[in-house]
Amino acid sequence: MKFTLSWLSEYVSLDGLTRERMADRLTMLGLEVDAVQELYVGLDAIVTAKVLSVEKHPNADRLTLCRVEVGTETVPIVCGAPNVRAGLVTAIARPGVRLPDGHKIKKAKVRGEVSMGMLCSWRELGIGEDHSGIMELDSTLKSGLSLKEVLSLDDTMIEIDLTPNRSDCASVLGVAREVAGFTNQKMTPPVTETPRLDGSGVDFSVTIEDPDLCPRYAARKLTNVVIKPSPWWLQRQLMAVGMRPINNIVDITNFVMLEYGQPLHAFDFNKIAESSVIVRRPRSTEKTFTTLDEVERTLDPEMLMICDGKGPVAVAGVMGGLDSEVTEMTSEVLLESACFDPVSIRRTARNLNLPSEASYRFERGVDPDGIAYAMERAVQLMCALAEARVVDGGVDEYPGKKDLLQIDCRVQRVNELLGIDLSADKMVAYLRGIEIGLEDRGDNVLQVTVPSFRIDIEREADLVEEVARLYGYNEIPVSQPTIAMDYPRRDPLRQLRQDAGATLTSLGFYEAINYSFTAEKHCDMLGLAADDKRRQFVRLLNPLTEDQAVMRTMLLPGILENIRRNINFQQTDIRLFEIGKVFAFTTEGEQPDERYMLCAVLSGGRYPEASPLYYSEQKADIFDIKGAAETLFKSLRLVGKSGDISFLADPEHVQPYAEPLFNIRIMDGEEQLGTISKLPRKAARAFAVKQDVFFLELDLEALLDLARSDKAFSPLPRYPSVKRDIALLVPENVPAGALLDDILAHKMENVVYADIFDVYSGKSIEAGRKSVALTVTYQSTDKTLDDETVDDFHDKIVQSLMSRFDGRYREGKE
């Protein structure tokens with residue numbers, strides 16, 4: 001948004017405001033100033049001159065010899081302009097003057113004739129684009145006057161970068177309102193009253209077929225219009241902000257658009273078929289439209305058009321049509337002032353690749369209540385500058401009229417959020433300074449009526465921002481934030497998922513993330529019974545494919561599909577896990593029961609990344625996946641409700657997709673937390689997997705109910721440890737792990753470690769028995785253990801195992 005200080009000063013006094021202070025205050029108000037540019041620099045030495053006489057140059061056909069009066073002097077000038085003539089008042093650059101383009105004027109001889117300067121055109125002085133001849137100024141002007149003073153060129157242009165929400169400042173009056181606010185003045189707009197337009201007494205009609213895209217449309221007719229160049233003051237203001245003057249009617253619509261922020265459009269009334277204006281979308285037969293720039297545009301069915309009785313005459317809010325434009329022959333004008341839907345205009349401008357000053361404002365939203373004021377201002381200017389006569393009455397269709405928004409603003413809340421101490425009276429003064437209506441409701445509550453031009457104010461927080469802007473961001477005291485020195489409570493389930501994933505990743509597993517949508521056939525592939533609850537699916541209304549028609553009730557099928565794909569790509573050593581939700585059907589019309597589960601699988605080599613020279617024959621087995629599960633529980637520091645968590649071999653209670661001989665249930669007392677097993681060959685073949693697959697399934701939400709032991713620090717031992725081995729023959733039906741559990745369960749003094757290192761049955765072992773070998777480590781924290789003490793502890797452990805599990809030494813010792 002560009003404006004000049006001279007233009008701004010027409011609505012608010014700028015006394016005492018330098019351009020630097022103006023730029024600083026606007027920036028601190030949220031209207032960031034991009035540029036402050038002094039206009040027409042380098043024209044101080046350019047003065048007016050009057051041509052006294054003109055003679056033909058004796059040595060050139062296209063040059064003339066002129067005697068020019070410059071103040072009290074008369075100087076000869078050689079000129080080639082076609083419009084030079086006696087009595088013409090123009091501008092002269094004397095020898096020694098440097099023009100804006102850098103060219104320095106010198107005394108010269110032109111074809112033998114002396115020239116003491118140059119008569120200048122608009123373009124040579126950087127004022128305009130006209131280079132058809134030298135400048136033609138008011139013939140009553142005296143010579144020798146400063147051109148900058150005569151043309152009021154001593155001015156400054158300011159450009160501000162508006163945020164999309166501040167459409168109210170896309171106008172000079174909007175900026176003036178902000179300046180009036182911080183200088184404690186009252187803005188004086190050019191129009192304060194508008195006539196009532198009820199459609200009576202006019203010879204045209206307006207119909208809005210799409211009120212959702214056009215909430216308001218007003219139009220007036222002017223006759224006896226004379227099309228001619230605009231006066232200099234109007235041209236100057238437009239050129240100062242980068243707009244090219246065209247003629248008085250078009251210039252007035254552009255001027256008022258910049259002044260009020262309300263785009264206007266002038267139609268040649270005699271080109272409006274059937275004298276009717278219809279605001280609608282294009283018909284199916286209306287495919288293209290030629291705009292003012294003589295480009296044929298392809299129309300979209302959702303674009304809003306301004307039409308007459310035959311078809312479109314303008315693209316609403318973007319650009320007018322070539323067939324209805326104002327030309328030198330125009331004598332009657334239909335003036336449009338309307339409000340259009342911002343989203344529709346933005347989409348239309350983008351689709352047509354046709355940005356304009358009008359669409360820039362409509363895209364951000366214009367003041368629907370300001371339409372009549374902008375149109376009245378344009379009507380007044382057309383009557384004054386185009387000798388027009390306005391037809392009494394007009395049309396103002398306003399189907400989208402809304403009541404003004406009212407918001408309660410709590411004074412105490414404003415002060416709390418900003419960290420200041422402002423009284424209600426001071427806040428009222430600030431807000432009324434930018435024309436926001438207020439009423440004091442008592443109890444330090446202000447009822448604010450949001451004006452129609454402030455479409456960005458929707459809630460109390462927006463009013464707090466307004467007070468902060470007007471009070472001054474720099475005036476708000478700076479303080480360090482108060483931060484409580486505590487650790488925010490984390491979601492325990494999320495923490496558990498993260499910890500479990502981190503542990504499995506550290507064990508060499510890779511995380512898989514599959515869709516929650518799966519195929520119903522997976523239940524058949526795993527051999528689930530017909531009445532299994534996991535066959536009660538939550539079905540999708542509009543599935544992408546048949547293989548994604550239901551919500552999953554298990555994680556295992558998705559990971560088995562991952563295994564198949566990896567094997568197809570010759571990746572046979574696989575360690576995968578997934579943590580995700582499964583969805584259990586409840587009742588029709590109700591949300592499913594969602595529960596987090598963990599599933600991990602092992603298949604292929606035991607050491608997938610080790611050298612095949614040493615480990616090529618070693619395949620993963622049930623103990624690898626069991627070890628991963630044990631490490632997971634140990635890392636999570638989970639404590640069972642009824643004691644230690646146990647891993648029980650159970651060939652009886654087996655899932656349909658588990659091998660009975662490999663089935664291990666993870667138990668907390670009588671509650672099952674998960675399962676470890678091997679996938680049967682039949683199920684593996686159903687998923688096109690030909691190698692052994694071992695899996696772990698855990699109910700994470702059941703684990704969430706378990707306590708987690710505190711982390712404890714143990715100092716490094718100062719005294720040496722002693723190892724003893726135990727090799728016993730026990731009945732074959734005794735689990736080897738039961739012996740280890742018995743040692744650990746007694747928590748015998750000085751026993752710091754115990755583990756199984758061999759289980760053997762067969763040759764040299766009597767029938768019905770197996771050999772179990774264990775190692776036990778003893779260590780004291782306060783002394784070195786001697787052999788006698790260790791032997792005593794060790795014998796107690798051996799005797800306990802023999803008595804509980806009917807064990808004896810392999811060598812026949814009792």
# chains A, B, ... in the order shown; residues from 1 in each chain; ligands from 1
>>> select_by_dssp(residues="region 531-755 of chain A", states="strand (DSSP E or B)", output="ChimeraX atom specification")
/A:539,550-551,574-584,593-603,605,619,638-640,643,646-649,664-668,671-678,693-699,707-708,722-731,751-755
>>> select_by_dssp(residues="region 112-225 of chain A", states="alpha helix (DSSP H)", output="JSON, numbers by chain")
{"A": [147, 148, 149, 150, 172, 173, 174, 175, 176, 177, 178, 179, 180, 181, 182]}
>>> closest_atom_pairs(of="region 370-437 of chain A", to="region 318-333 of chain A", cutoff="10 Å", atoms="only C-alpha atoms", output="CSV")
residue,atom,partner,partner_atom,distance
A:Met382,CA,A:Val333,CA,9.9
A:Ala386,CA,A:Ser331,CA,9.9
A:Ala388,CA,A:Glu332,CA,8.5
A:Arg389,CA,A:Glu332,CA,9.3
A:Val390,CA,A:Val333,CA,9.5
>>> write_last_selection(atoms="all heavy atoms", output="mmCIF file, in the first residue's frame")
data_model
loop_
_atom_site.group_PDB
_atom_site.id
_atom_site.type_symbol
_atom_site.label_atom_id
_atom_site.label_comp_id
_atom_site.auth_asym_id
_atom_site.auth_seq_id
_atom_site.Cartn_x
_atom_site.Cartn_y
_atom_site.Cartn_z
ATOM 1 N N MET A 382 -16.818 13.094 -10.179
ATOM 2 C CA MET A 382 -17.198 13.053 -11.591
ATOM 3 C C MET A 382 -18.023 14.276 -11.974
ATOM 4 O O MET A 382 -17.881 14.811 -13.075
ATOM 5 C CB MET A 382 -17.972 11.762 -11.887
ATOM 6 C CG MET A 382 -17.102 10.519 -11.865
ATOM 7 S SD MET A 382 -18.019 9.001 -12.239
ATOM 8 C CE MET A 382 -16.723 7.770 -12.042
ATOM 9 N N ALA A 386 -15.723 15.923 -14.536
ATOM 10 C CA ALA A 386 -16.159 15.420 -15.839
ATOM 11 C C ALA A 386 -17.442 16.089 -16.298
ATOM 12 O O ALA A 386 -18.046 15.647 -17.281
ATOM 13 C CB ALA A 386 -16.351 13.905 -15.767
ATOM 14 N N ALA A 388 -20.275 15.958 -15.219
ATOM 15 C CA ALA A 388 -21.371 15.001 -15.275
ATOM 16 C C ALA A 388 -22.551 15.485 -14.446
ATOM 17 O O ALA A 388 -22.406 16.309 -13.541
ATOM 18 C CB ALA A 388 -20.889 13.649 -14.770
ATOM 19 N N ARG A 389 -23.705 14.904 -14.745
ATOM 20 C CA ARG A 389 -24.912 15.158 -13.959
ATOM 21 C C ARG A 389 -25.392 13.811 -13.428
ATOM 22 O O ARG A 389 -25.602 12.868 -14.195
ATOM 23 C CB ARG A 389 -26.007 15.804 -14.810
ATOM 24 C CG ARG A 389 -27.250 16.182 -14.005
ATOM 25 C CD ARG A 389 -28.301 16.826 -14.881
ATOM 26 N NE ARG A 389 -28.844 15.899 -15.857
ATOM 27 C CZ ARG A 389 -29.831 15.033 -15.599
ATOM 28 N NH1 ARG A 389 -30.350 14.966 -14.383
ATOM 29 N NH2 ARG A 389 -30.273 14.243 -16.536
ATOM 30 N N VAL A 390 -25.528 13.717 -12.120
ATOM 31 C CA VAL A 390 -25.929 12.457 -11.523
ATOM 32 C C VAL A 390 -27.445 12.328 -11.554
ATOM 33 O O VAL A 390 -28.172 13.275 -11.256
ATOM 34 C CB VAL A 390 -25.408 12.332 -10.078
ATOM 35 C CG1 VAL A 390 -25.952 13.428 -9.178
ATOM 36 C CG2 VAL A 390 -25.733 10.961 -9.507
#
>>> closest_atom_pairs(of="region 219-333 of chain A", to="region 177-193 of chain A", cutoff="12 Å", atoms="only C-alpha atoms", output="JSON lines")
{"residue": "A:Val256", "atom": "CA", "partner": "A:Pro190", "partner_atom": "CA", "distance": 10.5}
{"residue": "A:Glu259", "atom": "CA", "partner": "A:Pro189", "partner_atom": "CA", "distance": 9.6}
{"residue": "A:Tyr260", "atom": "CA", "partner": "A:Pro189", "partner_atom": "CA", "distance": 9.3}
>>> residues_around(residues="region 419-432 of chain A", least_positions_apart="6", cutoff="10 Å", atoms="only C-alpha atoms", output="MDAnalysis selection string")
chainID A and resid 181:182 184 186 409:413 438:440 442:446 448 463:464 466:471 475:479
>>> residues_around(residues="region 97-103 of chain A", least_positions_apart="2", cutoff="8 Å", atoms="only C-alpha atoms", output="list in words")
Val41, Gly42, Leu43, Ala45, Ile46, Ala93, Arg94, Pro95, Ile105, Lys106, Glu124, Leu125 and Gly126 of chain A
>>> closest_residue(among="A:Asp392, A:Asp154, A:Glu732, A:Met303", to="Val202 (chain A)", atoms="only C-alpha atoms")
A:Asp392
>>> closest_residue(among="A:Met157, A:Leu774, A:Ala314, A:Leu141", to="Asp34 (chain A)", atoms="only C-alpha atoms")
A:Met157
